[in-house]
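Containing mmCIF, C-alpha atoms: protein.cif.
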```cif
data_final
loop_
_atom_site.label_atom_id
_atom_site.label_comp_id
_atom_site.auth_asym_id
_atom_site.auth_seq_id
_atom_site.Cartn_x
_atom_site.Cartn_y
_atom_site.Cartn_z
CA MET K 1 232.68 84.33 183.29
CA ILE K 2 234.24 81.87 180.85
CA LYS K 3 237.77 80.86 181.70
CA ARG K 4 240.35 81.39 178.96
CA ARG K 5 241.60 78.07 177.71
CA THR K 6 244.05 77.40 174.95
CA LEU K 7 244.03 73.67 175.69
CA ILE K 8 241.60 71.48 177.60
CA VAL K 9 243.08 68.04 178.11
CA SER K 10 243.48 66.21 181.39
CA SER K 11 246.69 64.49 180.30
CA LEU K 12 248.76 63.63 177.28
CA GLY K 13 247.69 60.04 177.66
CA ALA K 14 244.01 60.92 177.50
CA ALA K 15 244.45 62.99 174.40
CA GLY K 16 246.57 60.32 172.74
CA ALA K 17 244.06 57.58 173.46
CA GLY K 18 241.23 59.76 172.19
CA VAL K 19 243.06 60.46 168.97
CA ALA K 20 243.89 56.82 168.28
CA ILE K 21 240.40 55.48 168.96
CA ALA K 22 238.60 58.33 167.25
CA ASN K 23 240.77 57.98 164.16
CA HIS K 24 240.10 54.27 163.95
CA TYR K 25 236.43 54.94 164.54
CA LEU K 26 236.09 57.60 161.87
CA ASN K 27 237.33 56.25 158.60
CA ARG K 28 240.62 54.44 158.82
CA HIS K 29 242.72 57.60 158.91
CA GLN K 30 246.34 56.76 159.53
CA VAL K 31 247.18 57.04 163.22
CA PRO K 32 250.12 59.44 163.54
CA GLU K 33 253.49 58.20 164.76
CA GLN K 34 253.24 60.59 167.72
CA PRO K 35 249.56 60.58 168.68
CA GLN K 36 250.18 62.32 172.00
CA GLU K 37 251.74 65.35 170.32
CA ARG K 38 248.97 65.40 167.73
CA GLY K 39 246.48 65.23 170.60
CA ILE K 40 247.76 68.51 172.03
CA ALA K 41 247.35 70.26 168.69
CA ARG K 42 244.03 68.76 167.75
CA PHE K 43 242.18 70.00 170.85
CA ALA K 44 243.92 73.34 171.18
CA VAL K 45 241.93 76.50 170.51
CA THR K 46 242.82 80.11 171.11
CA GLY K 47 240.62 82.57 172.96
CA ASP K 48 237.11 82.43 174.36
CA THR K 49 235.19 83.22 171.18
CA PRO K 50 231.81 81.41 171.30
CA LEU K 51 230.93 78.71 168.80
CA ARG K 52 228.36 80.92 167.04
CA GLU K 53 231.03 83.50 166.20
CA ARG K 54 233.65 80.94 165.18
CA ALA K 55 231.13 79.38 162.81
CA ALA K 56 229.99 82.74 161.44
CA ASP K 57 233.59 83.67 160.66
CA LYS K 58 233.57 80.82 158.12
CA GLY K 59 230.07 81.48 156.76
CA LEU K 60 228.59 78.68 158.89
CA ILE K 61 225.69 78.59 161.31
CA TYR K 62 226.03 76.86 164.68
CA GLY K 63 223.00 76.12 166.80
CA ALA K 64 221.46 73.60 169.17
CA ALA K 65 218.15 72.11 170.20
CA ALA K 66 216.58 73.11 173.49
CA GLN K 67 213.32 72.71 175.38
CA HIS K 68 210.95 75.44 176.53
CA GLN K 69 210.87 74.10 180.08
CA VAL K 70 214.65 74.32 180.42
CA LEU K 71 215.04 77.75 178.86
CA THR K 72 212.32 79.19 181.09
CA THR K 73 213.54 77.69 184.37
CA ASN K 74 217.35 77.71 184.11
CA VAL K 75 218.53 81.29 183.61
CA ALA K 76 222.21 80.32 183.51
CA PHE K 77 221.55 77.76 180.78
CA ALA K 78 219.51 80.26 178.77
CA GLN K 79 222.36 82.76 178.98
CA ARG K 80 224.94 80.21 177.86
CA PHE K 81 222.67 79.07 175.05
CA ALA K 82 222.30 82.61 173.73
CA GLN K 83 226.06 83.10 174.01
CA GLU K 84 227.08 79.96 172.13
CA CYS K 85 224.27 79.47 169.59
CA ALA K 86 223.19 81.39 166.51
CA MET K 87 220.24 79.06 165.91
CA LEU K 88 217.56 77.67 168.22
CA VAL K 89 215.73 74.45 167.41
CA PRO K 90 212.70 73.69 169.60
CA ALA K 91 213.34 70.03 170.40
CA ASN K 92 209.70 69.02 170.83
CA GLU K 93 207.55 72.14 170.85
CA LEU K 94 206.80 72.18 167.11
CA LYS K 95 205.88 68.52 166.81
CA TRP K 96 202.25 67.53 166.33
CA GLN K 97 201.87 66.15 169.84
CA ALA K 98 202.90 69.47 171.37
CA LEU K 99 201.00 71.75 168.98
CA ARG K 100 197.72 69.85 168.58
CA PRO K 101 195.94 69.13 171.88
CA THR K 102 192.72 68.52 169.89
CA PRO K 103 191.92 68.17 166.19
CA GLU K 104 190.44 71.68 166.19
CA ARG K 105 192.94 73.57 168.34
CA PHE K 106 196.59 74.63 167.99
CA ASP K 107 198.66 75.67 171.01
CA PHE K 108 201.60 77.88 170.02
CA SER K 109 202.29 79.24 173.51
CA ARG K 110 205.56 77.38 174.12
CA SER K 111 206.92 77.63 170.59
CA ASP K 112 206.01 81.34 170.45
CA TRP K 113 207.99 81.94 173.63
CA MET K 114 210.97 80.20 172.04
CA ALA K 115 210.59 82.22 168.83
CA ASN K 116 210.62 85.42 170.90
CA PHE K 117 213.67 84.19 172.83
CA ALA K 118 215.50 83.55 169.56
CA GLN K 119 214.60 86.98 168.20
CA LYS K 120 215.63 88.71 171.42
CA HIS K 121 219.08 87.10 171.29
CA ASN K 122 219.64 87.51 167.56
CA MET K 123 219.29 83.81 166.84
CA LEU K 124 217.72 82.10 163.87
CA LEU K 125 214.74 79.82 164.51
CA ARG K 126 214.50 76.38 162.94
CA GLY K 127 211.34 74.25 162.72
CA HIS K 128 211.29 70.55 163.60
CA THR K 129 209.20 68.85 162.25
CA LEU K 130 206.10 69.11 160.02
CA VAL K 131 205.69 65.46 158.97
CA TRP K 132 206.91 62.52 161.04
CA HIS K 133 205.56 59.10 161.90
CA ARG K 134 206.18 59.67 165.61
CA ALA K 135 205.06 62.27 168.20
CA LEU K 136 201.53 62.25 166.82
CA PRO K 137 198.72 63.19 169.25
CA LYS K 138 196.47 60.54 170.76
CA TRP K 139 193.50 61.71 168.72
CA PHE K 140 195.30 61.12 165.42
CA GLU K 141 194.61 57.41 165.03
CA GLU K 142 190.94 57.78 165.96
CA THR K 143 190.30 60.84 163.79
CA VAL K 144 192.42 60.63 160.64
CA ASP K 145 191.61 58.23 157.81
CA ARG K 146 191.91 58.04 154.03
CA THR K 147 188.96 60.37 153.52
CA ASN K 148 190.44 63.30 155.44
CA ALA K 149 194.20 62.68 155.71
CA ALA K 150 195.16 65.10 152.92
CA LYS K 151 193.01 67.83 154.45
CA VAL K 152 194.42 67.24 157.94
CA LEU K 153 198.02 67.28 156.68
CA THR K 154 197.77 70.36 154.49
CA GLU K 155 195.79 72.31 157.09
CA HIS K 156 198.40 71.49 159.71
CA ILE K 157 201.30 72.56 157.51
CA ASN K 158 199.52 75.71 156.34
CA THR K 159 198.60 76.77 159.86
CA VAL K 160 202.00 76.11 161.43
CA VAL K 161 204.19 77.40 158.61
CA GLN K 162 202.10 80.53 158.08
CA HIS K 163 202.21 81.22 161.82
CA TYR K 164 206.01 81.63 161.61
CA ALA K 165 206.28 82.76 157.99
CA GLY K 166 209.09 85.23 157.47
CA ASN K 167 210.52 84.53 160.93
CA ILE K 168 211.96 81.05 160.51
CA HIS K 169 215.18 79.95 158.84
CA SER K 170 214.24 76.40 157.85
CA TRP K 171 211.78 73.57 158.35
CA ASP K 172 212.33 69.84 158.58
CA VAL K 173 209.37 69.29 156.29
CA VAL K 174 209.56 65.50 156.26
CA ASN K 175 211.54 63.53 158.83
CA GLU K 176 212.84 59.95 158.54
CA ALA K 177 210.72 58.76 155.61
CA ILE K 178 213.32 56.25 154.36
CA VAL K 179 214.31 52.97 155.97
CA PRO K 180 216.19 50.15 154.22
CA ASN K 181 213.62 47.48 153.49
CA LYS K 182 212.51 45.15 150.73
CA THR K 183 210.53 47.78 148.85
CA LYS K 184 211.90 49.43 145.74
CA ASP K 185 211.93 52.98 147.08
CA GLY K 186 212.61 52.18 150.73
CA LEU K 187 209.76 54.31 152.06
CA ARG K 188 209.05 53.73 155.71
CA GLN K 189 205.64 52.27 156.48
CA THR K 190 204.12 55.26 158.25
CA PRO K 191 200.55 56.44 158.84
CA TRP K 192 201.11 59.04 156.11
CA LEU K 193 202.21 56.47 153.56
CA ARG K 194 199.30 54.20 154.47
CA LEU K 195 196.72 56.98 154.24
CA LEU K 196 198.08 59.08 151.35
CA GLY K 197 200.52 56.93 149.40
CA VAL K 198 203.93 57.98 148.12
CA ASP K 199 202.80 61.47 147.14
CA TYR K 200 202.51 62.64 150.76
CA ILE K 201 206.14 63.82 150.68
CA GLU K 202 205.63 65.97 147.60
CA MET K 203 202.37 67.28 149.05
CA ALA K 204 204.12 68.32 152.25
CA PHE K 205 206.91 70.24 150.51
CA ARG K 206 204.60 72.03 148.08
CA THR K 207 202.26 73.03 150.88
CA ALA K 208 205.10 74.34 153.04
CA ALA K 209 206.61 76.32 150.15
CA ALA K 210 203.28 77.98 149.43
CA ALA K 211 202.82 78.85 153.11
CA ASP K 212 206.28 80.46 153.44
CA PRO K 213 208.26 81.00 150.22
CA GLN K 214 211.25 82.32 152.22
CA ALA K 215 211.91 79.29 154.42
CA LEU K 216 214.59 76.71 153.59
CA LEU K 217 212.77 73.38 153.20
CA VAL K 218 214.68 70.31 154.38
CA TYR K 219 214.33 66.55 154.08
CA ASN K 220 215.83 65.21 157.33
CA ASP K 221 217.03 61.67 158.03
CA ASN K 222 219.31 59.56 160.20
CA ASN K 223 221.81 56.70 159.82
CA LEU K 224 223.48 58.08 156.70
CA GLU K 225 227.05 58.15 157.97
CA TYR K 226 228.34 54.61 158.50
CA ASP K 227 230.14 52.24 156.16
CA ASN K 228 227.98 49.14 156.07
CA ALA K 229 225.58 47.51 153.64
CA LYS K 230 222.41 48.75 155.33
CA THR K 231 223.57 52.37 155.42
CA ALA K 232 224.79 52.18 151.82
CA VAL K 233 221.30 51.11 150.74
CA LYS K 234 219.74 53.94 152.72
CA ARG K 235 222.06 56.56 151.23
CA THR K 236 221.12 55.31 147.76
CA GLN K 237 217.41 55.42 148.57
CA VAL K 238 217.65 58.91 150.05
CA LEU K 239 219.47 60.12 146.94
CA LYS K 240 216.80 58.57 144.71
CA LEU K 241 214.09 60.28 146.75
CA LEU K 242 215.81 63.64 146.43
CA GLU K 243 216.43 63.11 142.70
CA ARG K 244 212.78 62.20 142.18
CA LEU K 245 211.56 65.26 144.06
CA LYS K 246 213.93 67.57 142.17
CA SER K 247 212.95 66.06 138.80
CA ARG K 248 209.32 66.87 139.57
CA GLY K 249 210.09 70.44 140.52
CA VAL K 250 209.29 69.88 144.18
CA PRO K 251 210.65 72.74 146.34
CA VAL K 252 213.12 70.77 148.45
CA HIS K 253 216.17 72.89 149.27
CA ALA K 254 218.39 70.86 151.57
CA LEU K 255 219.20 67.51 153.13
CA GLY K 256 219.45 67.29 156.90
CA ILE K 257 221.85 64.63 158.18
CA GLN K 258 221.08 63.99 161.83
CA SER K 259 224.51 62.65 162.86
CA HIS K 260 223.77 60.86 166.12
CA ILE K 261 227.16 59.15 166.11
CA GLY K 262 228.49 56.33 168.27
CA ALA K 263 231.75 56.84 170.17
CA SER K 264 233.18 53.44 169.40
CA PRO K 265 235.48 51.98 166.75
CA GLN K 266 232.76 51.56 164.12
CA GLY K 267 233.27 51.85 160.41
CA PHE K 268 233.32 55.16 158.62
CA ASN K 269 234.70 55.55 155.16
CA ALA K 270 235.82 59.07 154.33
CA LYS K 271 235.65 58.64 150.57
CA LYS K 272 232.17 57.14 150.55
CA LEU K 273 230.81 59.81 152.87
CA ARG K 274 232.44 62.62 150.88
CA ASP K 275 231.10 61.13 147.64
CA PHE K 276 227.60 61.02 149.12
CA LEU K 277 227.82 64.66 150.18
CA LYS K 278 229.01 65.66 146.71
CA GLU K 279 226.14 63.77 145.08
CA VAL K 280 223.66 65.61 147.29
CA ALA K 281 225.32 68.94 146.51
CA SER K 282 225.21 68.16 142.78
CA LEU K 283 221.40 68.28 143.05
CA ASP K 284 221.74 71.97 143.99
CA LEU K 285 220.88 71.15 147.60
CA LYS K 286 222.35 72.54 150.78
CA ILE K 287 223.36 70.15 153.56
CA LEU K 288 222.70 70.67 157.26
CA ILE K 289 224.08 68.63 160.15
CA THR K 290 220.88 68.76 162.15
CA GLU K 291 221.05 66.72 165.37
CA MET K 292 224.64 65.91 166.21
CA ASP K 293 225.68 64.29 169.46
CA VAL K 294 228.02 61.44 170.35
CA LEU K 295 226.55 58.27 171.86
CA GLU K 296 228.72 56.43 174.35
CA LYS K 297 226.40 53.53 175.16
CA ASN K 298 228.95 51.03 173.84
CA LEU K 299 232.05 52.98 174.86
CA LEU K 300 233.74 50.94 177.59
CA GLU K 301 236.47 53.50 178.22
CA ALA K 302 235.78 55.58 181.33
CA ASN K 303 238.92 57.63 181.98
CA ASN K 304 239.56 58.86 178.46
CA ARG K 305 236.05 59.17 177.15
CA ASP K 306 236.01 62.98 176.90
CA ALA K 307 239.01 62.80 174.58
CA ILE K 308 237.44 59.99 172.57
CA ILE K 309 234.18 61.88 172.18
CA ALA K 310 236.04 65.06 171.23
CA GLY K 311 237.98 63.12 168.61
CA VAL K 312 234.74 61.93 167.07
CA TYR K 313 233.40 65.49 166.91
CA GLN K 314 236.51 66.94 165.35
CA ASP K 315 237.13 64.17 162.85
CA TYR K 316 233.52 63.97 161.68
CA LEU K 317 233.03 67.73 161.44
CA SER K 318 236.37 68.23 159.72
CA LEU K 319 235.29 65.69 157.11
CA VAL K 320 231.80 67.04 156.41
CA LEU K 321 232.85 70.70 156.52
CA ASP K 322 235.20 70.06 153.62
CA GLU K 323 232.02 69.98 151.51
CA PRO K 324 231.02 73.59 150.67
CA ALA K 325 227.32 72.68 150.56
CA VAL K 326 227.38 72.02 154.32
CA ASN K 327 226.44 75.35 155.88
CA THR K 328 224.92 74.52 159.28
CA VAL K 329 225.90 72.43 162.31
CA ILE K 330 223.35 71.79 165.05
CA THR K 331 224.00 69.74 168.15
CA TRP K 332 220.98 68.02 169.69
CA GLY K 333 221.38 69.89 172.93
CA LEU K 334 224.11 72.07 174.39
CA SER K 335 224.72 70.75 177.90
CA ASP K 336 225.08 67.20 179.21
CA ARG K 337 222.52 68.14 181.87
CA TYR K 338 219.79 68.13 179.24
CA THR K 339 220.22 65.33 176.73
CA TRP K 340 217.71 62.81 175.45
CA LEU K 341 220.49 60.21 175.53
CA THR K 342 220.35 59.96 179.33
CA ASN K 343 217.26 57.80 178.96
CA PHE K 344 217.58 56.63 175.37
CA ALA K 345 221.20 55.44 175.34
CA PRO K 346 222.75 55.37 178.85
CA ARG K 347 226.23 54.02 179.50
CA GLN K 348 226.48 50.35 180.44
CA ASP K 349 228.40 51.23 183.63
CA GLY K 350 225.77 53.74 184.74
CA ALA K 351 228.14 56.72 184.61
CA PRO K 352 226.59 60.04 183.54
CA ILE K 353 226.92 60.47 179.81
CA ARG K 354 228.84 63.38 178.28
CA PRO K 355 227.73 63.72 174.64
CA LEU K 356 227.54 67.50 174.21
CA PRO K 357 229.78 70.61 174.12
CA LEU K 358 229.08 71.77 177.70
CA ASP K 359 229.10 69.62 180.83
CA ALA K 360 226.29 69.43 183.39
CA GLN K 361 227.68 72.53 185.13
CA LEU K 362 227.57 74.44 181.80
CA GLU K 363 231.36 74.49 181.48
CA ARG K 364 233.10 73.98 178.17
CA LYS K 365 234.57 70.50 177.60
CA LEU K 366 236.93 68.88 175.15
CA ALA K 367 233.94 68.40 172.85
CA TRP K 368 233.49 72.18 172.77
CA ASN K 369 237.17 72.56 171.88
CA ALA K 370 236.82 69.98 169.12
CA ILE K 371 233.84 71.75 167.55
CA ALA K 372 235.58 75.11 167.87
CA SER K 373 238.71 73.72 166.23
CA ALA K 374 236.69 72.20 163.37
CA PHE K 375 235.06 75.59 162.74
CA ASP K 376 238.38 77.41 162.94
CA GLN K 377 239.90 75.08 160.34
CA ALA K 378 236.88 74.88 158.03
CA PRO K 379 237.11 76.37 154.55
CA PRO K 380 235.14 79.63 154.33
CA ARG K 381 231.82 79.74 152.49
CA GLN K 382 228.89 82.04 151.92
CA VAL K 383 225.64 81.61 153.86
CA LYS K 384 222.63 81.74 151.57
#
```
Could you write out this structure as structure tokens?
Amino acid sequence: MIKRRTLIVSSLGAAGAGVAIANHYLNRHQVPEQPQERGIARFAVTGDTPLRERAADKGLIYGAAAQHQVLTTNVAFAQRFAQECAMLVPANELKWQALRPTPERFDFSRSDWMANFAQKHNMLLRGHTLVWHRALPKWFEETVDRTNAAKVLTEHINTVVQHYAGNIHSWDVVNEAIVPNKTKDGLRQTPWLRLLGVDYIEMAFRTAAAADPQALLVYNDNNLEYDNAKTAVKRTQVLKLLERLKSRGVPVHALGIQSHIGASPQGFNAKKLRDFLKEVASLDLKILITEMDVLEKNLLEANNRDAIIAGVYQDYLSLVLDEPAVNTVITWGLSDRYTWLTNFAPRQDGAPIRPLPLDAQLERKLAWNAIASAFDQAPPRQVK
């Protein structure tokens, strides 16, 4: 039973501190003269309507990543996931390492269970990821070379995409192919680039489109949000990649912006980020927020951190949801009990991290309120 909450703040001071820091962190918004009063309003939501329904009311999709092991062993979590989410993203189960125990064999047992879970609970299924430089099986390096790389890649994409054809909303076809470097196009030095050259990206998208013409095909990348020289270069290189693919008639349909965001006073610039989103949209591309969570590794605050994290969620989502091309928001997990950040980016003081909408006991937090509020205030759009 979810408790009815119109406001979830521990104190006016906590909310006020969260507002001030989050505003500074986001993009130099002006801090209001009465931040405490604004704090009450900014985290207030009415009713118990789940995030999936609040998003749907505005033509948006809300979902989260989850793991097979968790969904099959924690009934309470599975129930909350189905209640809050309209989209399920298998966090690891569709990566090469999970699907390909040997070069000859595919194992769809875990991902099929998750697909059935999504269908049972009226959720969309999203695929992550077909081409990435990480999570490759141990046999890959010993088996794949220039003579067979194209065959291995296209057979993998054909087999996996056809397996779920007609039953999947979207695929991250290529993940994290750009990194700011000294090369002209900024392509990351990956096994795929080494073995196939620059055309591996086009090959992947064309193969996926042929295997499932209905799926939304996404280029997914990280570190596109901040206001610094390195990120500016990456945004430019990602745009050039998308422009090049579109000019060649490659079936790329959307950009996925991961949005793993730090909860500290780092530099965002609202105008630059909005301009980037508009440039992507001008290419006739949709935009998905694909892996959002809030990292508190460098957040020294302990007492007010829930308010700070919530402020980051609300400010960032309010900004990106102003762009009509943004139609999906996915958090990389739903509950603090199950987050990759526990090991990847723990707090310096050793306190349990709290980066997601639900706490470790599966209760809604300020972050849930912030996401709900951002959905409630978002301009309506049509889901296509």
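Using all atoms listed in the file for every distance, the candidate list K:Gln189, K:Ala254, K:Tyr316, K:Asn175 yields K:Tyr316 as the residue closest to Tyr226 (chain K).
From CA of Leu366 (chain K) back to CA of Ala44 (chain K), the distance works out to 9.2 Å.
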Pick from K:Leu125, K:Leu224, K:Val174, K:Ile371, whichever lies nearest to Phe268 (chain K) using all atoms listed in the file: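 Among the listed residues, the smallest separation from Phe268 (chain K) belongs to K:Leu224.
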For the file shown, what are the residues hit by the PyMOL selection byres ((chain K and resi 106-122) around 8), laid out as a ChimeraX atom specification? /K:68,82,86-88,90,93-94,98-102,104-105,123-125
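Nearest to Ala149 (chain K) of all the residues K:Ala64, K:Leu358, K:Ala204, K:Leu217 is K:Ala204, based on all atoms listed in the file.
Using all atoms listed in the file, the shortest contact distance between Asp322 (chain K) and any of K:Gln361, K:Ser282, K:Asn369, K:Gln377 is found at K:Gln377.
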Find the residue from K:Thr190, K:Thr342, K:Asn181, K:Thr129 that sits nearest to Glu141 (chain K); use all atoms listed in the file when measuring.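 Closest candidate: K:Thr190.
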CA of Ala56 (chain K) to CA of Ala307 (chain K): how many Å, to one decimal? 25.5 Å
What lies within 10 Å of Lys365 (chain K) using only C-alpha atoms, ignoring chain neighbours under 6 positions off, as a PyMOL selection string? chain K and resi 8-9+306-307+310+335+354+356-359
Export of the given selection (C-alpha atoms) as a PDB file, keeping the file's coordinate frame:
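What follows is the written file selection.pdb:
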```
ATOM      1  CA  ILE K   8     241.600  71.480 177.600  1.00  0.00           C
ATOM      2  CA  VAL K   9     243.080  68.040 178.110  1.00  0.00           C
ATOM      3  CA  ASP K 306     236.010  62.980 176.900  1.00  0.00           C
ATOM      4  CA  ALA K 307     239.010  62.800 174.580  1.00  0.00           C
ATOM      5  CA  ALA K 310     236.040  65.060 171.230  1.00  0.00           C
ATOM      6  CA  SER K 335     224.720  70.750 177.900  1.00  0.00           C
ATOM      7  CA  ARG K 354     228.840  63.380 178.280  1.00  0.00           C
ATOM      8  CA  LEU K 356     227.540  67.500 174.210  1.00  0.00           C
ATOM      9  CA  PRO K 357     229.780  70.610 174.120  1.00  0.00           C
ATOM     10  CA  LEU K 358     229.080  71.770 177.700  1.00  0.00           C
ATOM     11  CA  ASP K 359     229.100  69.620 180.830  1.00  0.00           C
TER      12      ASP K 359
END
```
Residues at most 7 Å from Ala208 (chain K), counting only C-alpha atoms, excluding those fewer than 4 positions away in the same chain, as number ranges by chain? K: 157-158, 161, 204, 212
Reconstructed region 180-201 of chain K, atom set N, CA and C atoms, as a PDB file, in the coordinates of the input:
```pdb
ATOM      1  N   PRO K 180     215.859  51.274 155.102  1.00  0.00           N
ATOM      2  CA  PRO K 180     216.190  50.150 154.220  1.00  0.00           C
ATOM      3  C   PRO K 180     215.243  48.975 154.449  1.00  0.00           C
ATOM      4  N   ASN K 181     214.560  48.607 153.396  1.00  0.00           N
ATOM      5  CA  ASN K 181     213.620  47.480 153.490  1.00  0.00           C
ATOM      6  C   ASN K 181     213.552  46.795 152.131  1.00  0.00           C
ATOM      7  N   LYS K 182     212.587  45.936 151.956  1.00  0.00           N
ATOM      8  CA  LYS K 182     212.510  45.150 150.730  1.00  0.00           C
ATOM      9  C   LYS K 182     211.763  45.863 149.610  1.00  0.00           C
ATOM     10  N   THR K 183     211.242  47.056 149.892  1.00  0.00           N
ATOM     11  CA  THR K 183     210.530  47.780 148.850  1.00  0.00           C
ATOM     12  C   THR K 183     211.507  48.500 147.943  1.00  0.00           C
ATOM     13  N   LYS K 184     211.039  48.825 146.749  1.00  0.00           N
ATOM     14  CA  LYS K 184     211.900  49.430 145.740  1.00  0.00           C
ATOM     15  C   LYS K 184     212.426  50.795 146.172  1.00  0.00           C
ATOM     16  N   ASP K 185     211.538  51.622 146.745  1.00  0.00           N
ATOM     17  CA  ASP K 185     211.930  52.980 147.080  1.00  0.00           C
ATOM     18  C   ASP K 185     212.348  53.154 148.524  1.00  0.00           C
ATOM     19  N   GLY K 186     212.167  52.119 149.353  1.00  0.00           N
ATOM     20  CA  GLY K 186     212.610  52.180 150.730  1.00  0.00           C
ATOM     21  C   GLY K 186     211.786  53.083 151.627  1.00  0.00           C
ATOM     22  N   LEU K 187     210.579  53.443 151.220  1.00  0.00           N
ATOM     23  CA  LEU K 187     209.760  54.310 152.060  1.00  0.00           C
ATOM     24  C   LEU K 187     209.306  53.589 153.324  1.00  0.00           C
ATOM     25  N   ARG K 188     209.464  54.275 154.425  1.00  0.00           N
ATOM     26  CA  ARG K 188     209.050  53.730 155.710  1.00  0.00           C
ATOM     27  C   ARG K 188     207.528  53.579 155.740  1.00  0.00           C
ATOM     28  N   GLN K 189     207.079  52.488 156.354  1.00  0.00           N
ATOM     29  CA  GLN K 189     205.640  52.270 156.480  1.00  0.00           C
ATOM     30  C   GLN K 189     205.103  53.124 157.627  1.00  0.00           C
ATOM     31  N   THR K 190     204.616  54.300 157.269  1.00  0.00           N
ATOM     32  CA  THR K 190     204.120  55.260 158.250  1.00  0.00           C
ATOM     33  C   THR K 190     202.624  55.470 158.067  1.00  0.00           C
ATOM     34  N   PRO K 191     201.965  56.110 159.048  1.00  0.00           N
ATOM     35  CA  PRO K 191     200.550  56.440 158.840  1.00  0.00           C
ATOM     36  C   PRO K 191     200.328  57.279 157.591  1.00  0.00           C
ATOM     37  N   TRP K 192     201.267  58.174 157.282  1.00  0.00           N
ATOM     38  CA  TRP K 192     201.110  59.040 156.110  1.00  0.00           C
ATOM     39  C   TRP K 192     201.197  58.239 154.819  1.00  0.00           C
ATOM     40  N   LEU K 193     202.109  57.298 154.745  1.00  0.00           N
ATOM     41  CA  LEU K 193     202.210  56.470 153.560  1.00  0.00           C
ATOM     42  C   LEU K 193     200.967  55.605 153.402  1.00  0.00           C
ATOM     43  N   ARG K 194     200.496  55.068 154.501  1.00  0.00           N
ATOM     44  CA  ARG K 194     199.300  54.200 154.470  1.00  0.00           C
ATOM     45  C   ARG K 194     198.065  54.984 154.030  1.00  0.00           C
ATOM     46  N   LEU K 195     197.937  56.209 154.499  1.00  0.00           N
ATOM     47  CA  LEU K 195     196.720  56.980 154.240  1.00  0.00           C
ATOM     48  C   LEU K 195     196.771  57.762 152.928  1.00  0.00           C
ATOM     49  N   LEU K 196     197.969  58.189 152.506  1.00  0.00           N
ATOM     50  CA  LEU K 196     198.080  59.080 151.350  1.00  0.00           C
ATOM     51  C   LEU K 196     198.910  58.525 150.204  1.00  0.00           C
ATOM     52  N   GLY K 197     199.663  57.453 150.437  1.00  0.00           N
ATOM     53  CA  GLY K 197     200.520  56.930 149.400  1.00  0.00           C
ATOM     54  C   GLY K 197     201.807  57.718 149.265  1.00  0.00           C
ATOM     55  N   VAL K 198     202.578  57.417 148.245  1.00  0.00           N
ATOM     56  CA  VAL K 198     203.930  57.980 148.120  1.00  0.00           C
ATOM     57  C   VAL K 198     203.932  59.487 147.892  1.00  0.00           C
ATOM     58  N   ASP K 199     202.819  60.044 147.465  1.00  0.00           N
ATOM     59  CA  ASP K 199     202.800  61.470 147.140  1.00  0.00           C
ATOM     60  C   ASP K 199     202.715  62.370 148.371  1.00  0.00           C
ATOM     61  N   TYR K 200     202.628  61.781 149.579  1.00  0.00           N
ATOM     62  CA  TYR K 200     202.510  62.640 150.760  1.00  0.00           C
ATOM     63  C   TYR K 200     203.753  63.514 150.944  1.00  0.00           C
ATOM     64  N   ILE K 201     204.914  63.038 150.524  1.00  0.00           N
ATOM     65  CA  ILE K 201     206.140  63.820 150.680  1.00  0.00           C
ATOM     66  C   ILE K 201     206.093  65.049 149.779  1.00  0.00           C
TER      67      ILE K 201
END
```
